[in-house]
>>> print(open('upload_22.pdb').read())   # PDB, C-alpha atoms and all ligand atoms
ATOM      1  CA  MET A 461     158.592  43.364  38.132
ATOM      2  CA  GLY A 462     156.956  46.507  39.527
ATOM      3  CA  ARG A 463     158.108  48.712  42.397
ATOM      4  CA  LEU A 464     156.465  48.519  45.800
ATOM      5  CA  ILE A 465     156.006  52.083  47.046
ATOM      6  CA  VAL A 466     154.461  52.947  50.404
ATOM      7  CA  VAL A 467     153.034  56.181  51.803
ATOM      8  CA  GLU A 468     153.362  56.460  55.587
ATOM      9  CA  GLY A 469     152.402  59.120  58.108
ATOM     10  CA  LEU A 470     150.192  60.086  61.022
ATOM     11  CA  ASP A 471     146.430  59.744  61.123
ATOM     12  CA  GLY A 472     145.012  62.667  59.140
ATOM     13  CA  SER A 473     148.363  63.495  57.522
ATOM     14  CA  GLY A 474     146.882  63.153  54.023
ATOM     15  CA  LYS A 475     148.126  59.720  52.948
ATOM     16  CA  ALA A 476     144.946  58.795  51.069
ATOM     17  CA  THR A 477     144.982  62.176  49.314
ATOM     18  CA  LEU A 478     148.660  61.826  48.348
ATOM     19  CA  THR A 479     148.337  58.216  47.129
ATOM     20  CA  ALA A 480     145.393  59.230  44.923
ATOM     21  CA  SER A 481     147.430  62.086  43.505
ATOM     22  CA  LEU A 482     150.528  59.921  42.905
ATOM     23  CA  ALA A 483     148.445  57.215  41.211
ATOM     24  CA  ARG A 484     146.800  59.797  38.951
ATOM     25  CA  LYS A 485     150.128  61.357  37.931
ATOM     26  CA  TRP A 486     151.793  57.996  37.257
ATOM     27  CA  GLY A 487     148.703  56.905  35.317
ATOM     28  CA  GLU A 488     148.934  60.054  33.162
ATOM     29  CA  GLN A 489     152.502  58.993  32.333
ATOM     30  CA  GLY A 490     151.171  55.660  31.084
ATOM     31  CA  ARG A 491     152.346  53.614  34.055
ATOM     32  CA  THR A 492     150.127  50.911  35.480
ATOM     33  CA  VAL A 493     149.460  51.379  39.191
ATOM     34  CA  ALA A 494     147.754  48.996  41.628
ATOM     35  CA  ARG A 495     146.637  50.468  44.960
ATOM     36  CA  LEU A 496     145.912  48.975  48.337
ATOM     37  CA  ALA A 497     145.387  50.464  51.813
ATOM     38  CA  PHE A 498     146.080  48.842  55.170
ATOM     39  CA  PRO A 499     144.315  47.849  57.361
ATOM     40  CA  ARG A 500     142.055  46.119  54.808
ATOM     41  CA  TYR A 501     138.816  46.813  56.683
ATOM     42  CA  GLY A 502     135.913  44.779  55.287
ATOM     43  CA  MET A 503     138.293  42.489  53.370
ATOM     44  CA  SER A 504     140.177  40.730  56.154
ATOM     45  CA  VAL A 505     138.976  39.260  59.445
ATOM     46  CA  HIS A 506     142.224  40.382  61.077
ATOM     47  CA  ALA A 507     141.683  43.986  59.991
ATOM     48  CA  ASP A 508     138.109  43.934  61.278
ATOM     49  CA  LEU A 509     139.262  42.473  64.606
ATOM     50  CA  VAL A 510     141.902  45.145  65.014
ATOM     51  CA  LYS A 511     139.249  47.776  64.326
ATOM     52  CA  ASP A 512     137.252  46.298  67.209
ATOM     53  CA  ALA A 513     140.357  46.621  69.395
ATOM     54  CA  LEU A 514     140.861  50.267  68.320
ATOM     55  CA  TYR A 515     137.274  51.047  69.389
ATOM     56  CA  GLY A 516     137.560  49.171  72.712
ATOM     57  CA  ARG A 517     135.382  46.236  71.733
ATOM     58  CA  LEU A 518     137.922  43.442  72.420
ATOM     59  CA  GLY A 519     138.374  43.697  76.182
ATOM     60  CA  ASP A 520     141.961  43.909  77.396
ATOM     61  CA  LEU A 521     143.400  43.291  73.901
ATOM     62  CA  SER A 522     143.112  47.062  73.393
ATOM     63  CA  GLU A 523     145.740  47.690  76.088
ATOM     64  CA  SER A 524     148.165  45.224  74.504
ATOM     65  CA  VAL A 525     150.868  46.494  72.143
ATOM     66  CA  TYR A 526     151.851  43.145  70.623
ATOM     67  CA  GLY A 527     148.286  41.771  70.223
ATOM     68  CA  PRO A 528     146.922  44.425  67.811
ATOM     69  CA  ALA A 529     150.325  44.537  66.040
ATOM     70  CA  LEU A 530     150.021  40.807  65.374
ATOM     71  CA  LEU A 531     146.529  41.327  63.888
ATOM     72  CA  PHE A 532     147.821  44.136  61.629
ATOM     73  CA  ALA A 533     150.652  41.814  60.533
ATOM     74  CA  LEU A 534     148.267  38.905  59.842
ATOM     75  CA  ASP A 535     146.157  41.248  57.684
ATOM     76  CA  ARG A 536     149.270  41.945  55.583
ATOM     77  CA  GLN A 537     150.266  38.266  55.490
ATOM     78  CA  GLY A 538     146.844  37.552  53.978
ATOM     79  CA  ALA A 539     147.544  40.136  51.263
ATOM     80  CA  ALA A 540     151.122  39.055  50.482
ATOM     81  CA  GLU A 541     150.245  36.824  47.520
ATOM     82  CA  ASP A 542     148.002  39.519  46.018
ATOM     83  CA  ILE A 543     150.811  42.061  46.373
ATOM     84  CA  GLU A 544     153.279  39.707  44.637
ATOM     85  CA  ALA A 545     150.759  39.157  41.819
ATOM     86  CA  ALA A 546     150.138  42.913  41.492
ATOM     87  CA  LEU A 547     153.901  43.520  41.326
ATOM     88  CA  ALA A 548     154.160  41.001  38.484
ATOM     89  CA  GLU A 549     151.428  42.788  36.518
ATOM     90  CA  ASN A 550     151.986  46.500  37.214
ATOM     91  CA  ASP A 551     154.724  49.098  37.051
ATOM     92  CA  ILE A 552     153.943  50.312  40.561
ATOM     93  CA  VAL A 553     152.093  48.894  43.555
ATOM     94  CA  LEU A 554     151.203  51.840  45.775
ATOM     95  CA  LEU A 555     150.260  51.226  49.406
ATOM     96  CA  ASP A 556     148.629  53.532  51.968
ATOM     97  CA  ARG A 557     150.257  52.313  55.207
ATOM     98  CA  TYR A 558     152.315  49.120  55.475
ATOM     99  CA  ILE A 559     154.799  47.428  57.805
ATOM    100  CA  SER A 560     156.308  50.681  59.100
ATOM    101  CA  SER A 561     152.931  51.766  60.507
ATOM    102  CA  ASN A 562     153.174  48.798  62.835
ATOM    103  CA  ALA A 563     156.760  49.670  63.778
ATOM    104  CA  ALA A 564     156.035  53.380  64.352
ATOM    105  CA  TYR A 565     152.793  53.086  66.335
ATOM    106  CA  GLY A 566     153.893  50.044  68.366
ATOM    107  CA  SER A 567     157.253  51.606  69.310
ATOM    108  CA  ALA A 568     155.427  54.823  70.174
ATOM    109  CA  ARG A 569     152.962  52.929  72.360
ATOM    110  CA  LEU A 570     155.961  51.495  74.235
ATOM    111  CA  GLY A 571     157.197  55.038  74.892
ATOM    112  CA  GLY A 572     158.798  56.207  71.643
ATOM    113  CA  PRO A 573     162.362  57.457  71.243
ATOM    114  CA  ALA A 574     162.567  58.477  74.920
ATOM    115  CA  HIS A 575     162.202  54.792  75.846
ATOM    116  CA  PRO A 576     164.296  52.917  73.251
ATOM    117  CA  ASN A 577     162.882  49.481  72.483
ATOM    118  CA  ASP A 578     163.343  46.727  69.905
ATOM    119  CA  PHE A 579     159.741  46.760  68.660
ATOM    120  CA  ALA A 580     160.608  47.865  65.111
ATOM    121  CA  GLN A 581     163.064  44.956  64.839
ATOM    122  CA  TRP A 582     160.386  42.571  66.202
ATOM    123  CA  VAL A 583     158.003  43.807  63.497
ATOM    124  CA  ALA A 584     160.624  43.315  60.750
ATOM    125  CA  ASP A 585     161.475  39.810  62.008
ATOM    126  CA  LEU A 586     157.778  38.874  62.151
ATOM    127  CA  GLU A 587     156.513  40.443  58.945
ATOM    128  CA  VAL A 588     159.465  40.243  56.547
ATOM    129  CA  ASP A 589     161.390  37.184  57.770
ATOM    130  CA  ARG A 590     158.673  34.973  59.270
ATOM    131  CA  PHE A 591     155.560  35.942  57.265
ATOM    132  CA  GLU A 592     157.577  36.703  54.069
ATOM    133  CA  ILE A 593     155.560  39.856  53.378
ATOM    134  CA  PRO A 594     157.218  41.717  50.447
ATOM    135  CA  ARG A 595     159.770  44.335  51.457
ATOM    136  CA  PRO A 596     159.026  47.833  50.100
ATOM    137  CA  ASP A 597     161.298  49.415  47.462
ATOM    138  CA  LEU A 598     160.588  52.950  48.682
ATOM    139  CA  GLN A 599     158.718  54.491  51.618
ATOM    140  CA  ILE A 600     157.438  58.063  51.494
ATOM    141  CA  LEU A 601     156.934  59.774  54.839
ATOM    142  CA  LEU A 602     154.277  62.473  54.739
ATOM    143  CA  ASP A 603     155.777  64.642  57.447
ATOM    144  CA  VAL A 604     152.856  66.854  58.434
ATOM    145  CA  PRO A 605     152.932  68.748  61.764
ATOM    146  CA  VAL A 606     151.197  66.725  64.477
ATOM    147  CA  LEU A 607     148.686  69.487  65.234
ATOM    148  CA  LEU A 608     147.704  69.893  61.567
ATOM    149  CA  ALA A 609     147.204  66.131  61.118
ATOM    150  CA  ALA A 610     145.152  65.992  64.329
ATOM    151  CA  ALA A 611     142.974  68.920  63.230
ATOM    152  CA  ARG A 612     142.284  67.207  59.898
ATOM    153  CA  ALA A 613     141.446  63.893  61.602
ATOM    154  CA  ARG A 614     139.084  65.710  63.985
ATOM    155  CA  GLY A 615     137.475  67.627  61.105
ATOM    156  CA  ARG A 616     136.873  64.405  59.207
ATOM    157  CA  ALA A 617     135.413  62.699  62.299
ATOM    158  CA  ALA A 618     133.050  65.639  62.866
ATOM    159  CA  GLY A 619     131.785  65.457  59.289
ATOM    160  CA  ASP A 620     131.366  61.677  59.046
ATOM    161  CA  ASN A 621     129.346  59.589  61.493
ATOM    162  CA  ASN A 622     131.237  56.467  60.412
ATOM    163  CA  ARG A 623     134.694  57.958  61.116
ATOM    164  CA  ALA A 624     134.657  58.607  64.885
ATOM    165  CA  LEU A 625     138.205  58.957  66.240
ATOM    166  CA  ASP A 626     139.655  55.622  67.373
ATOM    167  CA  SER A 627     141.847  55.155  70.456
ATOM    168  CA  PHE A 628     145.079  55.921  68.577
ATOM    169  CA  GLU A 629     143.651  59.005  66.820
ATOM    170  CA  SER A 630     142.284  60.486  70.029
ATOM    171  CA  ASP A 631     145.610  60.120  71.885
ATOM    172  CA  SER A 632     147.548  63.284  71.012
ATOM    173  CA  ALA A 633     150.632  62.250  73.015
ATOM    174  CA  LEU A 634     150.741  58.945  71.097
ATOM    175  CA  GLN A 635     150.513  60.835  67.791
ATOM    176  CA  ALA A 636     153.466  63.042  68.806
ATOM    177  CA  ARG A 637     155.571  60.010  69.801
ATOM    178  CA  THR A 638     154.583  58.264  66.562
ATOM    179  CA  ALA A 639     155.785  61.269  64.548
ATOM    180  CA  ALA A 640     159.135  61.034  66.355
ATOM    181  CA  MET A 641     159.312  57.290  65.666
ATOM    182  CA  TYR A 642     158.577  57.825  61.972
ATOM    183  CA  ALA A 643     161.422  60.356  61.813
ATOM    184  CA  GLU A 644     163.729  57.790  63.430
ATOM    185  CA  LEU A 645     162.656  54.985  61.086
ATOM    186  CA  ALA A 646     163.153  57.213  58.034
ATOM    187  CA  ALA A 647     166.570  58.392  59.242
ATOM    188  CA  GLY A 648     167.606  54.743  59.735
ATOM    189  CA  GLN A 649     166.223  53.730  56.302
ATOM    190  CA  TYR A 650     164.067  51.064  57.980
ATOM    191  CA  LEU A 651     163.339  48.251  55.452
ATOM    192  CA  SER A 652     164.039  50.479  52.396
ATOM    193  CA  PRO A 653     165.142  53.935  51.285
ATOM    194  CA  TRP A 654     162.759  56.700  52.471
ATOM    195  CA  ARG A 655     161.725  60.055  51.031
ATOM    196  CA  ILE A 656     160.288  62.734  53.286
ATOM    197  CA  LEU A 657     157.613  65.088  51.912
ATOM    198  CA  LYS A 658     156.575  68.153  53.898
ATOM    199  CA  PRO A 659     153.542  70.373  53.194
ATOM    200  CA  GLU A 660     153.857  73.912  51.841
ATOM    201  CA  ALA A 661     152.659  76.853  53.961
ATOM    202  CA  ASP A 662     149.120  76.413  52.543
ATOM    203  CA  GLY A 663     149.059  72.712  53.533
ATOM    204  CA  SER A 664     149.413  71.392  49.985
ATOM    205  CA  VAL A 665     152.095  68.797  49.214
ATOM    206  CA  ALA A 666     154.251  69.256  46.127
ATOM    207  CA  ILE A 667     155.403  66.004  44.544
ATOM    208  CA  PRO A 668     159.064  66.290  43.481
ATOM    209  CA  ALA A 669     159.600  65.605  39.757
ATOM    210  CA  ASP A 670     162.271  62.979  40.426
ATOM    211  CA  LEU A 671     159.818  60.994  42.555
ATOM    212  CA  LEU A 672     157.498  60.760  39.563
ATOM    213  CA  GLY A 673     160.362  59.620  37.334
ATOM    214  CA  PRO A 674     160.908  60.282  33.649
ATOM    215  CA  ALA A 675     157.763  61.354  31.799
TER
HETATM  216  N1  LIG B   1     146.902  68.853  51.310
HETATM  217  C1  LIG B   1     145.739  68.940  51.985
HETATM  218  N2  LIG B   1     145.195  70.134  52.231
HETATM  219  C2  LIG B   1     144.055  70.236  52.939
HETATM  220  N3  LIG B   1     143.354  69.182  53.424
HETATM  221  C3  LIG B   1     143.839  67.980  53.194
HETATM  222  C4  LIG B   1     145.064  67.779  52.478
HETATM  223  N4  LIG B   1     145.332  66.461  52.433
HETATM  224  C5  LIG B   1     144.307  65.871  53.087
HETATM  225  N5  LIG B   1     143.420  66.775  53.533
HETATM  226  C6  LIG B   1     142.178  66.489  54.280
HETATM  227  O1  LIG B   1     142.551  65.957  55.534
HETATM  228  C7  LIG B   1     141.728  64.851  55.873
HETATM  229  C8  LIG B   1     142.601  63.620  56.027
HETATM  230  O2  LIG B   1     143.164  63.323  54.740
HETATM  231  P1  LIG B   1     143.438  61.827  54.294
HETATM  232  O3  LIG B   1     142.205  60.993  54.444
HETATM  233  O4  LIG B   1     144.085  61.892  52.951
HETATM  234  O5  LIG B   1     144.492  61.429  55.412
HETATM  235  P2  LIG B   1     145.043  60.019  55.857
HETATM  236  O6  LIG B   1     146.442  60.242  56.267
HETATM  237  O7  LIG B   1     144.804  59.015  54.791
HETATM  238  O8  LIG B   1     144.148  59.710  57.128
HETATM  239  P3  LIG B   1     143.958  58.373  57.987
HETATM  240  O9  LIG B   1     145.234  57.643  58.073
HETATM  241  O10 LIG B   1     143.524  58.869  59.320
HETATM  242  O11 LIG B   1     142.891  57.570  57.288
HETATM  243  C9  LIG B   1     140.682  64.721  54.769
HETATM  244  O12 LIG B   1     139.511  65.371  55.175
HETATM  245  C10 LIG B   1     141.344  65.416  53.581
HETATM  246  O13 LIG B   1     140.386  65.968  52.710
HETATM  247  C1  LIG B   2     148.287  49.403  59.149
HETATM  248  C2  LIG B   2     148.594  49.706  60.577
HETATM  249  C3  LIG B   2     147.970  50.742  61.227
HETATM  250  N1  LIG B   2     148.278  51.021  62.512
HETATM  251  C4  LIG B   2     147.570  52.118  63.194
HETATM  252  C5  LIG B   2     147.526  53.424  62.457
HETATM  253  C6  LIG B   2     146.172  54.002  62.752
HETATM  254  O1  LIG B   2     146.237  54.802  63.923
HETATM  255  C7  LIG B   2     145.318  52.793  63.067
HETATM  256  C8  LIG B   2     144.368  52.348  62.004
HETATM  257  O2  LIG B   2     144.737  52.751  60.737
HETATM  258  P1  LIG B   2     143.830  53.818  59.897
HETATM  259  O3  LIG B   2     144.730  54.257  58.792
HETATM  260  O4  LIG B   2     143.431  54.928  60.850
HETATM  261  O5  LIG B   2     142.613  53.074  59.446
HETATM  262  O6  LIG B   2     146.214  51.731  63.304
HETATM  263  C9  LIG B   2     149.194  50.247  63.209
HETATM  264  O7  LIG B   2     149.461  50.480  64.388
HETATM  265  N2  LIG B   2     149.794  49.214  62.565
HETATM  266  C10 LIG B   2     149.546  48.913  61.270
HETATM  267  O8  LIG B   2     150.150  47.960  60.715
END
>>> encode(input="upload_22.pdb", output="C-alpha cells")
Amino acid sequence: MGRLIVVEGLDGSGKATLTASLARKWGEQGRTVARLAFPRYGMSVHADLVKDALYGRLGDLSESVYGPALLFALDRQGAAEDIEAALAENDIVLLDRYISSNAAYGSARLGGPAHPNDFAQWVADLEVDRFEIPRPDLQILLDVPVLLAAARARGRAAGDNNRALDSFESDSALQARTAAMYAELAAGQYLSPWRILKPEADGSVAIPADLLGPA
C-alpha cells in the first residue's frame, strides 16, 4: 500500500512546481509515483462547475461558502476509487491540493482565525466520514509569503490568457486569511501529520533529505 502525500498552499505558492520536483526525485530513487491535482478541471463536472462559480458564472452560488465547498468535495468523491487503486499500485500517490484546501479557504471565507468557526470540522465530517475519501498520510504546507505567492499568480495570469485570476486569487485579504488558516491546520495536525517548507531567500524551495526518504 502506497503513501498518500499532499502538497498544500496558497494560489501561486509553487505547489505544481514542488510536486513535479518531488515526483522526479522519488522517481530517480526508483519509487513509483502517481500524481493528481485538484480541482480536476476538464475531468469532473463538479470541478468544472466550481470553476464557473470562481469566475462568477453561477449566479449567487459564488457568494456561498458551503456551495462551492460541496462541489470541491464531490470532485474528490468522484476520484476516491482512483486514488485507492493508485495507492494499491504505487509507492506514493502525490496530490496537488486536497481536502485541506477546502478547510483552509472555506474557513478563511468565513473570517479566518479572527472569527473561529467549525468549517474545517464540517469538511472532515463530509469528506472523510461521509464520502469516505482517503485520509492523507502526510501533508506538506508550502509556506510562501502571501505577497510573493500573489505576485507569482499575477505574473502567471499576465502571461497566459487562459489563466485570468479567479475570485479567490484576486482577493488579497482572503489569501492572507487562508495563509493563517493553513498555519492553524498544520499546527493542529489536521487529518494527518504536516511538514512545513519555506522558500530560501532566492525563492527556491529546498526539499529536506528525510522527506525524500532513504535513497
Ligand atoms: N521556486 C520558485 N521560484 C520562482 N518561481 C516559481 C517557483 N515556484 C513556482 N514559481 C512560479 O510561480 C508561478 C506559480 O507556480 P505554480 O504553478 O507551481 O504554483 P501553484 O501553487 O501550483 O499555483 P496555483 O495553485 O495557483 O495553480 C509559476 O509561474 C511558476 O513558474
Ligand atoms: C481543491 C480546492 C481548491 N479550493 C480553492 C483554491 C483555489 O483558490 C481555487 C481553485 O484551485 P486552483 O488550484 O487555483 O485551480 O479553489 C478550495 O477552496 N477548495 C478545494 O477543495
>>> residues_near_ligand(input="upload_22.pdb", ligand="ligand LIG 1 (chain B)", cutoff="8 Å", atoms="all atoms listed in the file", output="MDAnalysis selection string")
chainID A and resid 468:478 556:557 609 612:613 615:616 629 659 662:665
>>> resolve_selection(input="upload_22.pdb", expression="the PyMOL selection byres (((not hetatm)) within 6 of (chain B and resi 2))", output="list in words")
Asp471, Phe498, Pro499, Ala529, Phe532, Arg557, Tyr558, Ile559, Ser561, Asn562, Tyr565, Gly566, Phe628 and Glu629 of chain A
>>> closest_residue(input="upload_22.pdb", among="A:His575, A:Arg495, A:Arg500, A:Arg623", to="Val467 of chain A", atoms="all atoms listed in the file")
A:Arg495
>>> resolve_selection(input="upload_22.pdb", expression="the PyMOL selection byres (((chain A and resi 654) around 10) and not hetatm)", output="PyMOL selection string")
chain A and resi 465-468+596-601+645-653+655-657
>>> resolve_selection(input="upload_22.pdb", expression="the PyMOL selection byres (((chain A and resi 586) around 12) and not hetatm)", output="VMD selection string")
chain A and resid 526 529 to 534 536 to 537 559 562 to 563 579 to 585 587 to 593
>>> atom_distance(input="upload_22.pdb", atom1="atom CA of Gly462 of chain A", atom2="atom CA of Ala548 of chain A")
6.3 Å
>>> residues_around(input="upload_22.pdb", residues="Val553 of chain A", least_positions_apart="2", cutoff="9 Å", atoms="only C-alpha atoms", output="PyMOL selection string")
chain A and resi 462-466+492-496+543+546-547+550-551+555
>>> closest_residue(input="upload_22.pdb", among="A:Leu554, A:Ala666, A:Ala640, A:Leu518", to="Ala483 of chain A", atoms="all atoms listed in the file")
A:Leu554
>>> closest_residue(input="upload_22.pdb", among="A:Ala643, A:Ala624, A:Ala633, A:Ala669", to="Leu514 of chain A", atoms="only C-alpha atoms")
A:Ala624
>>> atom_distance(input="upload_22.pdb", atom1="atom CA of Arg595 of chain A", atom2="atom CA of Asp670 of chain A")
21.8 Å
>>> residues_around(input="upload_22.pdb", residues="Gln635 of chain A", least_positions_apart="4", cutoff="7 Å", atoms="all atoms listed in the file", output="number ranges by chain")
A: 470, 606, 631, 639
>>> closest_residue(input="upload_22.pdb", among="A:Ser560, A:Ser481, A:Ser504, A:Gln489", to="Ala539 of chain A", atoms="all atoms listed in the file")
A:Ser504
>>> atom_distance(input="upload_22.pdb", atom1="atom CA of Pro674 of chain A", atom2="atom CA of Ala540 of chain A")
28.8 Å
>>> closest_residue(input="upload_22.pdb", among="A:Tyr642, A:Pro573, A:Glu544, A:Leu671", to="Leu602 of chain A", atoms="all atoms listed in the file")
A:Tyr642
